[in-house]
Every structure is written in C-alpha cells, then in structure tokens.
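Source file: model_21.cif. Holds: mmCIF, C-alpha atoms.
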```cif
data_query
loop_
_atom_site.label_atom_id
_atom_site.label_comp_id
_atom_site.auth_asym_id
_atom_site.auth_seq_id
_atom_site.Cartn_x
_atom_site.Cartn_y
_atom_site.Cartn_z
CA MET A 1 155.34 -188.63 -71.80
CA THR A 2 156.31 -192.27 -71.78
CA THR A 3 157.64 -194.53 -69.12
CA ASN A 4 161.22 -194.10 -67.99
CA THR A 5 161.03 -196.95 -65.53
CA PRO A 6 163.62 -199.56 -66.34
CA MET A 7 161.86 -202.74 -67.29
CA GLU A 8 163.49 -206.12 -67.20
CA VAL A 9 161.89 -208.20 -69.87
CA SER A 10 163.15 -211.48 -71.17
CA GLU A 11 164.08 -211.74 -74.82
CA GLU A 12 161.33 -214.33 -75.16
CA LEU A 13 158.68 -211.89 -73.95
CA LYS A 14 160.08 -209.18 -76.18
CA GLN A 15 159.78 -211.47 -79.18
CA LEU A 16 156.20 -212.28 -78.17
CA VAL A 17 155.40 -208.58 -78.10
CA ILE A 18 157.04 -208.12 -81.48
CA ALA A 19 155.01 -211.00 -82.90
CA ARG A 20 151.84 -209.26 -81.70
CA LEU A 21 152.91 -205.94 -83.20
CA ASP A 22 153.63 -207.74 -86.45
CA MET A 23 149.87 -208.18 -86.89
CA ILE A 24 149.38 -204.46 -87.46
CA PRO A 25 148.53 -203.84 -91.13
CA ASN A 26 150.78 -201.69 -93.29
CA HIS A 27 148.24 -198.93 -93.68
CA VAL A 28 147.62 -198.46 -89.94
CA ARG A 29 149.55 -196.03 -87.76
CA VAL A 30 149.90 -196.20 -83.98
CA SER A 31 149.77 -192.84 -82.24
CA VAL A 32 151.62 -193.22 -78.95
CA GLY A 33 150.88 -190.23 -76.78
CA SER A 34 152.94 -187.23 -77.77
CA GLU A 35 155.74 -189.36 -79.13
CA GLY A 36 154.31 -189.49 -82.62
CA ASP A 37 152.79 -191.89 -85.12
CA PHE A 38 154.49 -195.15 -85.91
CA THR A 39 154.19 -197.81 -88.54
CA ARG A 40 154.41 -201.44 -87.57
CA ALA A 41 158.10 -201.57 -88.54
CA GLU A 42 158.92 -198.39 -86.66
CA LEU A 43 157.18 -199.63 -83.52
CA ILE A 44 158.99 -202.94 -83.65
CA ALA A 45 162.29 -201.11 -84.04
CA ARG A 46 161.50 -199.02 -80.97
CA VAL A 47 160.71 -202.13 -78.95
CA GLN A 48 163.95 -203.74 -80.06
CA SER A 49 165.91 -200.64 -79.08
CA GLU A 50 164.04 -200.35 -75.76
CA ASP A 51 163.77 -196.58 -75.98
CA SER A 52 160.97 -194.71 -74.15
CA VAL A 53 158.40 -195.48 -76.85
CA GLY A 54 159.52 -199.10 -76.96
CA ARG A 55 159.23 -199.44 -73.19
CA GLU A 56 155.78 -197.88 -73.18
CA VAL A 57 154.58 -200.24 -75.89
CA MET A 58 156.13 -203.18 -74.02
CA ARG A 59 154.32 -202.12 -70.85
CA SER A 60 150.93 -202.01 -72.52
CA GLN A 61 151.44 -205.23 -74.43
CA LEU A 62 152.62 -207.08 -71.34
CA GLU A 63 149.67 -205.81 -69.30
CA PHE A 64 147.40 -207.15 -71.99
CA LEU A 65 149.16 -210.51 -72.07
CA ARG A 66 148.84 -210.74 -68.29
CA ALA A 67 145.15 -209.87 -68.56
CA MET A 68 144.72 -212.65 -71.11
CA SER A 69 146.58 -215.26 -69.13
CA GLY A 70 145.00 -214.26 -65.83
CA GLY A 71 141.45 -214.44 -67.13
CA ARG A 72 140.86 -210.69 -66.87
CA LEU A 73 140.22 -210.37 -70.59
CA LEU A 74 137.73 -213.21 -70.48
CA ASP A 75 135.94 -211.44 -67.62
CA GLU A 76 135.70 -208.34 -69.78
CA VAL A 77 134.35 -210.30 -72.75
CA ASN A 78 131.72 -211.90 -70.55
CA THR A 79 130.66 -208.61 -68.97
CA ASN A 80 127.19 -207.62 -70.06
CA ASP A 81 126.74 -203.87 -69.97
CA ALA A 82 123.09 -204.00 -71.04
CA MET B 83 119.43 -174.13 -67.67
CA PRO B 84 122.16 -176.38 -69.13
CA SER B 85 125.73 -175.78 -67.99
CA PRO B 86 128.19 -174.21 -70.43
CA PHE B 87 130.45 -176.51 -72.45
CA LEU B 88 134.04 -175.44 -72.99
CA VAL B 89 136.19 -177.39 -75.44
CA THR B 90 139.82 -176.87 -76.43
CA ARG B 91 140.73 -178.06 -79.94
CA PRO B 92 144.15 -177.21 -81.25
CA GLU B 93 144.84 -178.50 -84.76
CA TYR B 94 148.48 -178.33 -85.79
CA GLU B 95 149.40 -181.87 -86.73
CA LEU B 96 147.75 -185.19 -87.46
CA VAL B 97 146.74 -186.28 -83.95
CA THR B 98 145.30 -182.92 -83.03
CA ARG B 99 143.50 -182.89 -86.38
CA TYR B 100 141.87 -186.17 -85.41
CA PHE B 101 140.90 -184.83 -81.99
CA TYR B 102 139.69 -181.56 -83.54
CA ARG B 103 137.32 -183.31 -85.92
CA TRP B 104 136.25 -186.03 -83.49
CA ALA B 105 135.20 -183.36 -80.98
CA GLU B 106 132.65 -182.09 -83.48
CA PRO B 107 129.95 -184.68 -82.66
CA VAL B 108 130.30 -183.77 -78.97
CA ILE B 109 129.93 -180.07 -79.77
CA GLU B 110 126.85 -180.88 -81.85
CA GLU B 111 125.36 -182.81 -78.93
CA ALA B 112 126.07 -179.94 -76.55
CA THR B 113 124.46 -177.54 -79.00
CA ARG B 114 121.37 -179.76 -79.21
CA LYS B 115 121.18 -179.70 -75.42
CA GLY B 116 121.14 -175.91 -75.47
CA CYS B 117 124.55 -175.43 -73.82
CA GLU B 118 126.51 -172.25 -74.25
CA ILE B 119 129.48 -173.41 -76.34
CA ILE B 120 132.93 -171.98 -75.69
CA ASP B 121 135.06 -173.40 -78.50
CA LEU B 122 138.75 -172.63 -77.97
CA ASP B 123 139.96 -173.94 -81.29
CA HIS B 124 143.25 -173.46 -83.13
CA ASP B 125 145.18 -170.52 -81.71
CA LYS B 126 142.46 -169.84 -79.13
CA ALA B 127 143.61 -173.04 -77.42
CA ASN B 128 146.20 -171.23 -75.31
CA HIS B 129 146.99 -170.74 -71.64
CA ASP B 130 145.62 -167.22 -71.24
CA ARG B 131 142.31 -167.93 -73.01
CA LEU B 132 141.64 -171.23 -71.24
CA VAL B 133 142.74 -170.33 -67.74
CA GLY B 134 141.34 -166.83 -67.98
CA THR B 135 137.94 -168.05 -69.20
CA LEU B 136 137.69 -170.75 -66.56
CA ARG B 137 138.66 -168.43 -63.71
CA LYS B 138 136.16 -165.79 -64.88
CA LYS B 139 133.37 -168.39 -64.93
CA PRO B 140 133.14 -169.90 -61.48
CA THR B 141 129.93 -171.73 -62.38
CA LYS B 142 129.66 -175.43 -62.98
CA MET B 143 130.57 -176.37 -66.51
CA LEU B 144 131.76 -179.28 -68.60
CA VAL B 145 135.30 -178.89 -69.89
CA MET B 146 136.70 -181.09 -72.67
CA LEU B 147 140.42 -180.78 -73.28
CA ASN B 148 141.80 -182.23 -76.50
CA GLY B 149 145.51 -182.40 -77.18
CA HIS B 150 148.88 -183.72 -76.24
CA GLY B 151 149.98 -183.85 -72.65
CA ASN B 152 151.99 -185.40 -69.91
CA LYS B 153 151.49 -186.01 -66.21
CA THR B 154 151.44 -182.34 -65.26
CA THR B 155 150.53 -180.43 -68.41
CA ILE B 156 148.11 -180.35 -71.30
CA ALA B 157 149.25 -178.66 -74.49
CA GLY B 158 147.34 -176.29 -76.71
CA ASP B 159 148.06 -174.73 -80.07
CA GLY B 160 151.54 -175.32 -81.41
CA HIS B 161 152.29 -177.83 -78.65
CA LYS B 162 152.68 -175.01 -76.13
CA ALA B 163 151.70 -175.65 -72.52
CA MET B 164 148.08 -174.61 -72.05
CA VAL B 165 147.37 -175.69 -68.48
CA ASP B 166 149.50 -177.32 -65.82
CA VAL B 167 149.42 -178.16 -62.12
CA ALA B 168 150.18 -174.56 -61.18
CA ASP B 169 146.86 -173.57 -62.80
CA ALA B 170 144.87 -176.45 -61.28
CA ASP B 171 142.61 -174.06 -59.37
CA CYS B 172 141.07 -172.90 -62.66
CA PHE B 173 139.11 -176.19 -62.74
CA LYS B 174 137.34 -175.40 -59.47
CA GLY B 175 133.69 -176.30 -59.74
CA LYS B 176 134.13 -177.92 -63.16
CA ILE B 177 133.78 -181.42 -64.51
CA VAL B 178 136.70 -182.11 -66.81
CA TYR B 179 137.38 -184.72 -69.46
CA ALA B 180 140.93 -184.67 -70.77
CA ARG B 181 141.54 -186.50 -74.04
CA ALA B 182 145.26 -186.19 -73.54
CA CYS B 183 148.13 -188.27 -72.27
CA GLU B 184 148.80 -189.05 -68.64
CA SER B 185 147.13 -185.99 -67.08
CA ALA B 186 145.13 -188.12 -64.66
CA ALA B 187 148.45 -189.03 -63.03
CA GLU B 188 149.16 -185.56 -61.56
CA LEU B 189 147.19 -182.71 -63.13
CA GLY B 190 143.87 -184.44 -62.47
CA PRO B 191 144.53 -185.09 -58.77
CA ALA B 192 145.82 -181.53 -58.37
CA ALA B 193 142.66 -180.21 -60.01
CA VAL B 194 140.44 -182.22 -57.66
CA LEU B 195 142.47 -181.05 -54.70
CA LYS B 196 141.88 -177.47 -55.81
CA GLY B 197 138.15 -177.96 -56.20
CA ALA B 198 137.45 -179.61 -59.54
CA VAL B 199 134.25 -181.55 -59.08
CA ALA B 200 135.45 -184.47 -61.19
CA TYR B 201 138.30 -185.14 -63.58
CA ILE B 202 138.22 -187.95 -66.13
CA GLY B 203 141.42 -188.72 -67.97
CA TYR B 204 144.23 -191.19 -68.53
CA ASP B 205 147.25 -192.00 -66.40
CA ILE B 206 149.15 -193.40 -69.37
CA PRO B 207 149.89 -192.04 -72.83
CA PHE B 208 146.59 -192.13 -74.71
CA THR B 209 147.27 -194.40 -77.64
CA PHE B 210 145.05 -194.89 -80.63
CA LEU B 211 145.34 -196.47 -84.04
CA HIS B 212 144.36 -194.74 -87.24
CA GLU B 213 144.68 -194.89 -90.99
CA GLY B 214 146.15 -191.45 -91.54
CA LYS B 215 142.95 -190.00 -92.99
CA SER B 216 143.99 -186.42 -92.43
CA ALA B 217 141.27 -185.06 -94.72
CA THR B 218 138.47 -187.23 -93.31
CA PRO B 219 139.26 -188.33 -89.75
CA LEU B 220 135.59 -189.03 -88.99
CA GLU B 221 135.57 -191.70 -91.73
CA ASP B 222 138.46 -193.58 -90.14
CA GLU B 223 136.91 -196.81 -88.84
CA THR B 224 140.10 -197.84 -87.07
CA ALA B 225 140.29 -194.57 -85.17
CA ALA B 226 136.57 -194.84 -84.39
CA LEU B 227 137.27 -197.93 -82.28
CA PHE B 228 139.07 -195.60 -79.85
CA LEU B 229 137.52 -192.19 -80.35
CA GLU B 230 133.86 -193.18 -80.15
CA PRO B 231 134.36 -194.62 -76.64
CA SER B 232 136.39 -191.53 -75.79
CA ASN B 233 133.58 -189.24 -76.97
CA ALA B 234 131.14 -191.26 -74.90
CA VAL B 235 132.42 -189.58 -71.71
CA CYS B 236 131.12 -186.16 -72.66
CA ASP B 237 128.08 -187.59 -74.44
CA ALA B 238 127.01 -189.26 -71.22
CA LEU B 239 127.68 -186.17 -69.11
CA LEU B 240 125.65 -184.05 -71.51
CA LYS B 241 122.79 -186.54 -71.21
CA GLY B 242 122.77 -185.97 -67.46
CA HIS B 243 124.72 -188.98 -66.25
CA SER B 244 127.11 -188.64 -63.36
CA ALA B 245 130.86 -188.52 -63.80
CA GLY B 246 131.20 -192.09 -62.55
CA GLU B 247 128.45 -193.28 -64.88
CA ALA B 248 129.97 -191.40 -67.82
CA ASN B 249 133.31 -193.07 -67.21
CA ALA B 250 131.61 -196.45 -66.93
CA ARG B 251 129.60 -195.90 -70.11
CA SER B 252 132.74 -194.93 -71.99
CA ARG B 253 134.59 -197.99 -70.70
CA ALA B 254 131.59 -200.08 -71.72
CA LYS B 255 132.01 -198.85 -75.29
CA TYR B 256 135.68 -199.85 -75.24
CA ARG B 257 134.58 -203.21 -73.86
CA HIS B 258 131.94 -203.58 -76.57
CA ASN B 259 134.55 -202.96 -79.26
CA ILE B 260 136.87 -205.50 -77.65
CA GLN B 261 134.04 -208.04 -77.50
CA GLN B 262 133.12 -207.43 -81.13
CA ILE B 263 136.71 -207.92 -82.24
CA LEU B 264 136.97 -211.18 -80.30
CA ILE B 265 133.68 -212.77 -81.28
CA SER B 266 132.47 -211.14 -84.48
CA ASP B 267 133.49 -211.98 -88.02
CA ALA B 268 132.87 -208.38 -89.06
CA LYS B 269 135.33 -206.90 -86.56
CA GLY B 270 137.80 -209.76 -86.30
CA GLU B 271 140.17 -208.02 -88.71
CA TYR B 272 140.90 -205.46 -85.96
CA SER B 273 142.49 -207.99 -83.61
CA TYR B 274 145.74 -205.99 -83.72
CA ALA B 275 143.90 -203.18 -81.91
CA LEU B 276 142.86 -205.28 -78.90
CA SER B 277 145.76 -204.58 -76.58
CA PHE B 278 145.67 -200.84 -77.27
CA LEU B 279 141.91 -200.64 -76.66
CA PHE B 280 142.29 -202.62 -73.45
CA ASP B 281 145.06 -200.32 -72.25
CA ASP B 282 143.10 -197.11 -72.83
CA MET B 283 140.02 -198.63 -71.18
CA GLU B 284 141.91 -199.84 -68.12
CA HIS B 285 143.72 -196.55 -67.61
CA GLN B 286 140.78 -194.17 -68.04
CA LEU B 287 140.11 -192.90 -64.55
CA CYS B 288 137.39 -190.85 -62.93
CA LEU B 289 138.78 -188.75 -60.08
CA GLY B 290 136.75 -186.69 -57.63
CA ASN B 291 133.00 -186.87 -57.05
CA GLN B 292 131.65 -189.89 -58.90
CA ASP B 293 128.09 -188.61 -58.47
CA ALA B 294 128.72 -185.18 -59.95
CA ARG B 295 126.59 -184.06 -62.87
CA VAL B 296 126.85 -181.04 -65.17
#
```
For the file at hand, write its structure as structure tokens.
Amino acid sequence: MTTNTPMEVSEELKQLVIARLDMIPNHVRVSVGSEGDFTRAELIARVQSEDSVGREVMRSQLEFLRAMSGGRLLDEVNTNDA
Amino acid sequence: MPSPFLVTRPEYELVTRYFYRWAEPVIEEATRKGCEIIDLDHDKANHDRLVGTLRKKPTKMLVMLNGHGNKTTIAGDGHKAMVDVADADCFKGKIVYARACESAAELGPAAVLKGAVAYIGYDIPFTFLHEGKSATPLEDETAALFLEPSNAVCDALLKGHSAGEANARSRAKYRHNIQQILISDAKGEYSYALSFLFDDMEHQLCLGNQDARV
C-alpha cells in the first residue's frame, strides 16, 4: 500500500519534513492509506525509522516542498476556478 | 432516465466509518436526481455482490467505491478483497470513482482496458486528516477539507458533468481549500494539512474517456 522504493534523503531534508509534521495538532490523526491512523509523534517516529509509512510520508512531503520551491504551489494559489 | 448509482460502503473501522458516513450526501444527491440506488453497505460490500451486480447490469452506471485498497485491489467488508484486476471486466460500460488507495495505478487502467468508460481514483495512498470523530464524522471540519473535494467527483457526475470535468471540479475544491488555508485568517490554522491536500489533489487521476457522462 505504501512505497517500497528506496529513497535517499539527506538528514537535513528529513529534519525539515519532521519540522513540518511537528505542526500537526495533538488532536488530529493522519490516516495514511491502509496503514492506519497516526498521531504526530507516531508519524515522526515512522519517518525517523524510514519504514514504509515513513517513506510514503517523506515522498508526499518532499513533493510538496518541491512544489513550493518550484513555484507550482504559487501557480495553484493563483489559479482562478471561477 | 438517470443512470443507476452503485456505492460500496463497508464500515468496520474508523476510516471506513468516515467513508461510510461521508458517502451519505452523495447518496442523497443521487436520490434527488431520481437514480436507482444500489447501496452495498456493511457485509453487502463483498466480491460476489459487487462483481455479480455489475456483470448482471451491463448498462451505463456510476459506481462509487469506498474503502481501503492498493494498486490492484479494493477491499470491502472486513478488509477482504472485493474487486481486483482479475475482475476488471465488471466495470465495462461504467464510470467509476474509487475513494481508495492507489487503485488508479493498476486496477483503474485494467478496468479501462476492459471497457470501463472512465475511472477516477488515486495512484498513491489516499491520505486524509481527521479528528477521530467516530460518532459524528460529518461534523469533522478537518476531514471535510479532504472529503468534500472527494465527494465533488460524484456530485459533478450526478449533475451531468463529464468525467474530466468532474475530476477538474473536485481538484478545484482541493485547490480552493489550499488557497483558503494560505490566504485566509479563518482557515490558516489548518496549515499542517496543506501538503496532504496537495498530494491527494495532484494524484487524483481521470482515466479513460474524459468526455463520458452518466
């Protein structure tokens, strides 16, 4: 259900992802596919351990960071669907 | 004469409970439109009922699949496999929306190859955030950020939009929520949800005939 592709991510990027995940409030749960529901702390632990859930979360977070840095997110914000 | 609307809604743990309840507004819309409703809920969400019903009804219909999944399979009640690539022919002539993980990676393309008119789904694990409101999922404003755009696929199809338009309208709702979080004081508290919304939006695909309508 989650990615099994080995991902080489620098420790710096991993810490950036963890910092982003750290914003999730205590009362919120993240449902990751069929892998289950995770609290902020549980998700961070998975990222640190780089298991399948951790790698999937890293993938999505890194795609988002690339979208932000590449201007893709700004394009989305400026898109008018009216 | 409106096309029939078939929905699968297992409910055996928290995520499927959310999907079960969040499918209700779509069922209500289909009812308002005068569609025949085939509601495969709870233990009716199983392989024999789904595949058997679809194969017996070769007519065009809208199919909404709610549940867990992977690239090849969507699960029904009790997390048992309900439909997989070997059954892909059952979607012949149908427009399908799969609120499930990853099925657009392999099951969706197989369905289109076997004659599904269109298949809208995700090629990644469908991720959403929620507040664990197991008794009142429809009151969960965090989950609504994800599940309202998800529901918009079938809402648009029921209103007569094409598969491509329905996908675009759904993605527009994700985009609207992202915009609101970024620029609005009211939604700014949901900034932690941005990356997850973006991911679901980017990986929601419409396969097959973009111009197909139910």
Proximity check segment 173-287 of chain B to segment 19-35 of chain A, 10 Å, nearest pairs one decimal Å, all atoms listed in the file, as a tab-separated table:
```
residue	atom	partner	partner_atom	distance
B:Ala182	CA	A:Gly33	CA	7.6
B:Cys183	CA	A:Gly33	CA	5.6
B:Glu184	CA	A:Gly33	CA	8.5
B:Ile206	CA	A:Gly33	CA	8.2
B:Pro207	CA	A:Gly33	CA	4.5
B:Phe208	CA	A:Gly33	CA	5.1
B:Thr209	CA	A:Val32	CA	4.7
B:Phe210	CA	A:Ser31	CA	5.4
B:Leu211	CA	A:Val30	CA	4.6
B:His212	CA	A:Arg29	CA	5.4
B:Glu213	CA	A:Val28	CA	4.7
B:Gly214	CA	A:Arg29	CA	6.8
B:Thr224	CA	A:Val28	CA	8.1
B:Ala225	CA	A:Val28	CA	9.6
B:Glu271	CA	A:Pro25	CA	9.7
B:Tyr272	CA	A:Ile24	CA	8.7
B:Ser273	CA	A:Met23	CA	8.1
B:Tyr274	CA	A:Ile24	CA	5.4
B:Ala275	CA	A:Ile24	CA	7.9
B:Ser277	CA	A:Arg20	CA	9.2
B:Phe278	CA	A:Val30	CA	9.2
```
### Query
Which residues come within 8 Å of Val17 of chain A, counting only C-alpha atoms, excluding same-chain residues fewer than 4 positions away, as number ranges by chain?
A: 13, 21, 58, 61-62
#### Entry: Of the listed residues B:Pro191, B:Gly149, B:Gly203, B:Gly290, that which approaches Phe101 of chain B most closely, counting only C-alpha atoms
B:Gly149
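Distance-wise, atom CA of Ala186 of chain B and atom CA of Pro84 of chain B end up 26.2 Å apart.
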### Query
Pick the closest to Leu16 of chain A from A:Arg59, A:Gly54, A:Arg40, A:Leu65: which is it, counting all atoms listed in the file?
A:Leu65
### Message
If we draw a sphere of 12 Å around (143.4, -179.1, -86.9), which residues have at least one atom in it when counting all atoms listed in the file? Please report them as an NGL selection string.
### Response
:B and (90-106 or 122-125 or 127 or 148-149 or 158-160 or 216-219)
